[in-house]
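**Student:** One structure is given below, represented as structure tokens, and several questions about it will come after.
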Amino acid sequence: MKRIILITGGQRSGKSTKAEEFALSLSSNPVYVATAHIWDEEFQERVHRHQERRGPQWDNIEEEIMLSRHNLEGRVAVIDCITLWLTNIFFANNSDVEASLNLAKAEFDKFTQSDATYIFVTNEIGLGGVSENALQRKFTDLQGWMNQFIAQKADEVILMVSGIPIKIK
């Protein structure tokens with residue numbers, strides 16, 4: 001049976017750790033779908049720390065945009081994260097919010113067709129002030145709209161605050 005879980009919150013709120021713990025409680029061999037594009041050394045180090053935290057029981061997939069290339073039928077998967085995935089889509093679409101949102105929604109729907117447990121990690125980047133940067137405002141809008149889209153389709157939504165999970169839905 002298909003199940004969609006969305007774990008959201010601010011940076012360093014414990015989202016990824018919670019998602020990984022949840023996946024391991026459901027499967028001895030979960031899948032980790034990493035959406036990050038490596039921009040620089042510092043970011044590579046962040047990715048490395050995430051990889052070290054996970055053990056050999058994880059099957060790892062790296063996919064920056066086309067999640068639907070991967071069939072996760074019958075599996076439990078952590079998709080980390082929507083924000084980085086949207087960043088890749090946003091820049092591939094020359095910062096066009098509408099085109100990016102349409103592609104992301106279509107790709108999400110296609111990817112989540114299989115019977116699997118999908119645990120999506122995302123960021124609530126719109127909780128802060130309004131950016132003075134127009135590009136950042138466009139991306140924040142895109143992120144907010146996509147988070148709403150996924151939350152509506154999710155069976156469960158968890159907000160992480162300072163490492164504490166709060167069930168929203």
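Every chain in the structure tokens has a letter given in the order shown (A, B, ...), and although residue numbers restart at 1 in each chain, ligands are simply numbered from 1 in the order shown.
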Determine, for each residue of range 80-106 of chain A having at least one atom at most 8 Å from an atom of range 28-42 of chain A, the closest pair of atoms and their separation in Å to one decimal, counting only C-alpha atoms; order by chain and ascending number, as a Markdown table.
**Tutor:**
```
| residue | atom | partner | partner_atom | distance |
| --- | --- | --- | --- | --- |
| A:Asp80 | CA | A:Ala34 | CA | 5.4 |
| A:Cys81 | CA | A:Thr35 | CA | 6.0 |
| A:Ile82 | CA | A:Thr35 | CA | 7.6 |
| A:Leu84 | CA | A:Ala36 | CA | 5.4 |
| A:Trp85 | CA | A:Thr35 | CA | 5.2 |
| A:Asn88 | CA | A:His37 | CA | 7.3 |
```
**Student:** Residues as selected, N, CA and C atoms, written as a short mmCIF file (atom, residue, chain, number, x, y, z; two decimals), in the first residue's frame, can you do that?
**Tutor:**
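The resulting part02.cif:
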```
data_model
loop_
_atom_site.label_atom_id
_atom_site.label_comp_id
_atom_site.auth_asym_id
_atom_site.auth_seq_id
_atom_site.Cartn_x
_atom_site.Cartn_y
_atom_site.Cartn_z
N ASP A 80 15.57 12.94 0.27
CA ASP A 80 16.17 14.05 1.00
C ASP A 80 17.00 14.90 0.04
N CYS A 81 16.53 16.04 -0.35
CA CYS A 81 15.32 16.68 0.13
C CYS A 81 14.61 17.41 -1.01
N ILE A 82 13.36 17.77 -0.75
CA ILE A 82 12.55 18.50 -1.74
C ILE A 82 13.20 19.84 -2.08
N LEU A 84 16.38 20.81 -2.18
CA LEU A 84 17.50 20.67 -3.12
C LEU A 84 17.02 20.20 -4.48
N TRP A 85 16.04 19.32 -4.49
CA TRP A 85 15.44 18.85 -5.74
C TRP A 85 14.82 20.03 -6.49
N ASN A 88 17.42 22.29 -8.10
CA ASN A 88 17.90 21.75 -9.38
C ASN A 88 16.91 22.00 -10.50
#
```
**Student:** Using DSSP on the backbone, list every residue of range 39-153 of chain A that comes out as strand (DSSP E or B), and give them as a PDB file with C-alpha atoms, in the first residue's frame.
**Tutor:**
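The resulting part.pdb:
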```
ATOM      1  CA  ASP A  59      20.484   1.364  -0.736  1.00  0.00           C
ATOM      2  CA  ASN A  60      21.532   4.761  -2.056  1.00  0.00           C
ATOM      3  CA  ILE A  61      20.275   6.509  -5.170  1.00  0.00           C
ATOM      4  CA  GLU A  62      21.529   9.889  -6.346  1.00  0.00           C
ATOM      5  CA  VAL A  76      10.616   2.259   2.122  1.00  0.00           C
ATOM      6  CA  ALA A  77      12.441   5.340   0.873  1.00  0.00           C
ATOM      7  CA  VAL A  78      13.699   8.615   2.291  1.00  0.00           C
ATOM      8  CA  ILE A  79      13.835  11.377  -0.312  1.00  0.00           C
ATOM      9  CA  ASP A  80      16.174  14.048   0.998  1.00  0.00           C
ATOM     10  CA  THR A 117       6.458   4.178   1.567  1.00  0.00           C
ATOM     11  CA  TYR A 118       7.830   7.589   0.602  1.00  0.00           C
ATOM     12  CA  ILE A 119       9.311   9.738   3.357  1.00  0.00           C
ATOM     13  CA  PHE A 120       9.963  13.193   1.940  1.00  0.00           C
ATOM     14  CA  VAL A 121      12.158  15.722   3.727  1.00  0.00           C
TER      15      VAL A 121
END
```
**Student:** Using DSSP on the backbone, list every residue of range 70-136 of chain A that comes out as helix (DSSP H, G or I), and give them as a ChimeraX atom specification.
**Tutor:** /A:82-92,97-111,125-127,134-136
**Student:** With N, CA and C atoms kept, could you save the residues just selected as a compact mmCIF listing (two decimals), in the first residue's frame?
**Tutor:**
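The new file again_26.txt reads:
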```txt
# COMPACT_ATOMS: atom_id res chain seq x y z
N ILE A 82 13.36 17.77 -0.75
CA ILE A 82 12.55 18.50 -1.74
C ILE A 82 13.20 19.84 -2.08
N THR A 83 13.76 20.52 -1.10
CA THR A 83 14.35 21.84 -1.34
C THR A 83 15.50 21.77 -2.35
N LEU A 84 16.38 20.81 -2.18
CA LEU A 84 17.50 20.67 -3.12
C LEU A 84 17.02 20.20 -4.48
N TRP A 85 16.04 19.32 -4.49
CA TRP A 85 15.44 18.85 -5.74
C TRP A 85 14.82 20.03 -6.49
N LEU A 86 14.06 20.86 -5.78
CA LEU A 86 13.46 22.04 -6.42
C LEU A 86 14.51 23.03 -6.90
N THR A 87 15.60 23.16 -6.17
CA THR A 87 16.69 24.04 -6.60
C THR A 87 17.22 23.58 -7.96
N ASN A 88 17.42 22.29 -8.10
CA ASN A 88 17.90 21.75 -9.38
C ASN A 88 16.91 22.00 -10.50
N ILE A 89 15.63 21.78 -10.22
CA ILE A 89 14.59 22.02 -11.23
C ILE A 89 14.50 23.50 -11.58
N PHE A 90 14.54 24.35 -10.56
CA PHE A 90 14.42 25.80 -10.73
C PHE A 90 15.52 26.34 -11.65
N PHE A 91 16.75 25.93 -11.42
CA PHE A 91 17.85 26.42 -12.24
C PHE A 91 17.87 25.76 -13.62
N ALA A 92 17.41 24.53 -13.72
CA ALA A 92 17.30 23.88 -15.04
C ALA A 92 16.23 24.56 -15.89
N VAL A 97 9.34 30.03 -12.27
CA VAL A 97 8.59 29.40 -11.18
C VAL A 97 7.48 28.50 -11.72
N GLU A 98 6.70 29.00 -12.66
CA GLU A 98 5.57 28.22 -13.17
C GLU A 98 6.03 26.92 -13.85
N ALA A 99 7.04 27.02 -14.71
CA ALA A 99 7.55 25.82 -15.38
C ALA A 99 8.14 24.84 -14.36
N SER A 100 8.83 25.37 -13.37
CA SER A 100 9.44 24.52 -12.34
C SER A 100 8.38 23.83 -11.51
N LEU A 101 7.35 24.56 -11.12
CA LEU A 101 6.28 23.98 -10.31
C LEU A 101 5.53 22.92 -11.09
N ASN A 102 5.24 23.18 -12.35
CA ASN A 102 4.55 22.20 -13.19
C ASN A 102 5.37 20.92 -13.33
N LEU A 103 6.66 21.06 -13.60
CA LEU A 103 7.53 19.89 -13.73
C LEU A 103 7.61 19.13 -12.41
N ALA A 104 7.79 19.85 -11.31
CA ALA A 104 7.92 19.19 -10.01
C ALA A 104 6.65 18.42 -9.64
N LYS A 105 5.50 19.04 -9.85
CA LYS A 105 4.23 18.35 -9.54
C LYS A 105 4.06 17.10 -10.40
N ALA A 106 4.32 17.22 -11.69
CA ALA A 106 4.18 16.07 -12.59
C ALA A 106 5.15 14.96 -12.21
N GLU A 107 6.37 15.33 -11.91
CA GLU A 107 7.39 14.35 -11.55
C GLU A 107 7.04 13.69 -10.22
N PHE A 108 6.57 14.46 -9.26
CA PHE A 108 6.16 13.91 -7.97
C PHE A 108 5.05 12.88 -8.17
N ASP A 109 4.03 13.24 -8.93
CA ASP A 109 2.90 12.32 -9.16
C ASP A 109 3.35 11.04 -9.86
N LYS A 110 4.23 11.17 -10.84
CA LYS A 110 4.72 10.00 -11.57
C LYS A 110 5.57 9.11 -10.65
N PHE A 111 6.43 9.74 -9.85
CA PHE A 111 7.33 9.02 -8.95
C PHE A 111 6.57 8.25 -7.87
N ILE A 125 11.34 27.19 4.32
CA ILE A 125 12.20 28.37 4.16
C ILE A 125 11.41 29.67 4.23
N GLY A 126 10.10 29.60 4.14
CA GLY A 126 9.27 30.79 4.19
C GLY A 126 8.91 31.24 5.59
N LEU A 127 9.43 30.59 6.62
CA LEU A 127 9.11 30.99 7.98
C LEU A 127 9.86 32.25 8.41
N ALA A 134 15.25 39.17 -5.28
CA ALA A 134 14.09 38.75 -6.09
C ALA A 134 14.15 37.26 -6.43
N LEU A 135 15.33 36.75 -6.76
CA LEU A 135 15.46 35.34 -7.10
C LEU A 135 15.10 34.46 -5.90
N GLN A 136 15.55 34.85 -4.73
CA GLN A 136 15.23 34.10 -3.51
C GLN A 136 13.74 34.14 -3.22
```
**Student:** Give the answer as one residue: which of A:Lys138, A:Arg54, A:Arg69, A:Lys153 has the shortest atom-to-atom distance to Leu24 in chain A, using only C-alpha atoms?
**Tutor:**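 Among A:Lys138, A:Arg54, A:Arg69, A:Lys153, it is A:Arg54 that comes nearest to Leu24 in chain A.
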**Student:** Find the residues near Ser162 in chain A: any atom within 10 Å, counting only C-alpha atoms, skip ones fewer than 4 places away on the same chain, and give them as a PDB file with N, CA and C atoms, in the first residue's frame.
**Tutor:**
```
ATOM      1  N   GLY A   9      10.470  21.361   8.329  1.00  0.00           N
ATOM      2  CA  GLY A   9      11.006  22.142   9.441  1.00  0.00           C
ATOM      3  C   GLY A   9      12.129  23.026   8.953  1.00  0.00           C
ATOM      4  N   GLY A  10      12.755  23.696   9.881  1.00  0.00           N
ATOM      5  CA  GLY A  10      13.858  24.587   9.567  1.00  0.00           C
ATOM      6  C   GLY A  10      15.173  23.834   9.432  1.00  0.00           C
ATOM      7  N   GLN A  11      16.191  24.574   9.047  1.00  0.00           N
ATOM      8  CA  GLN A  11      17.524  24.002   8.912  1.00  0.00           C
ATOM      9  C   GLN A  11      18.012  23.518  10.272  1.00  0.00           C
ATOM     10  N   ARG A  12      18.580  22.326  10.296  1.00  0.00           N
ATOM     11  CA  ARG A  12      19.125  21.691  11.498  1.00  0.00           C
ATOM     12  C   ARG A  12      18.069  21.442  12.571  1.00  0.00           C
ATOM     13  N   SER A  13      16.845  21.179  12.118  1.00  0.00           N
ATOM     14  CA  SER A  13      15.762  20.891  13.070  1.00  0.00           C
ATOM     15  C   SER A  13      15.638  19.404  13.376  1.00  0.00           C
ATOM     16  N   GLY A  14      16.402  18.562  12.685  1.00  0.00           N
ATOM     17  CA  GLY A  14      16.355  17.117  12.916  1.00  0.00           C
ATOM     18  C   GLY A  14      15.525  16.356  11.903  1.00  0.00           C
ATOM     19  N   LYS A  15      15.212  16.988  10.775  1.00  0.00           N
ATOM     20  CA  LYS A  15      14.348  16.371   9.761  1.00  0.00           C
ATOM     21  C   LYS A  15      14.939  15.078   9.202  1.00  0.00           C
TER      22      LYS A  15
END
```
**Student:** What's around Leu6 in chain A at 8 Å? Count only C-alpha atoms, leave out sequence neighbours fewer than 6 positions away in its own chain, and write the answer as a PyMOL selection string.
**Tutor:** chain A and resi 119-122+150-151+154+156-158
**Student:** Restricting the calculation to only C-alpha atoms, which member of A:Phe139, A:Asn133, A:Lys167, A:Ile5 is positioned closest to Ala19 in chain A?
**Tutor:**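 Checking each of A:Phe139, A:Asn133, A:Lys167, A:Ile5 against Ala19 in chain A, counting only C-alpha atoms, the winner is A:Ile5.
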**Student:** Near Gly74 in chain A, within 9 Å and counting only C-alpha atoms, which residues show up once chain neighbours fewer than 3 positions away are dropped, as a list in words?
**Tutor:**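 Counting only C-alpha atoms, the residues come to Met1, Lys2, Ser114, Asp115, Ala116 and Thr117 of chain A.
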**Student:** Could you tell me which of A:Gln44, A:Thr140, A:Gln57, A:Asn123 comes closest to Leu159 in chain A if we count only C-alpha atoms?
**Tutor:** A:Asn123
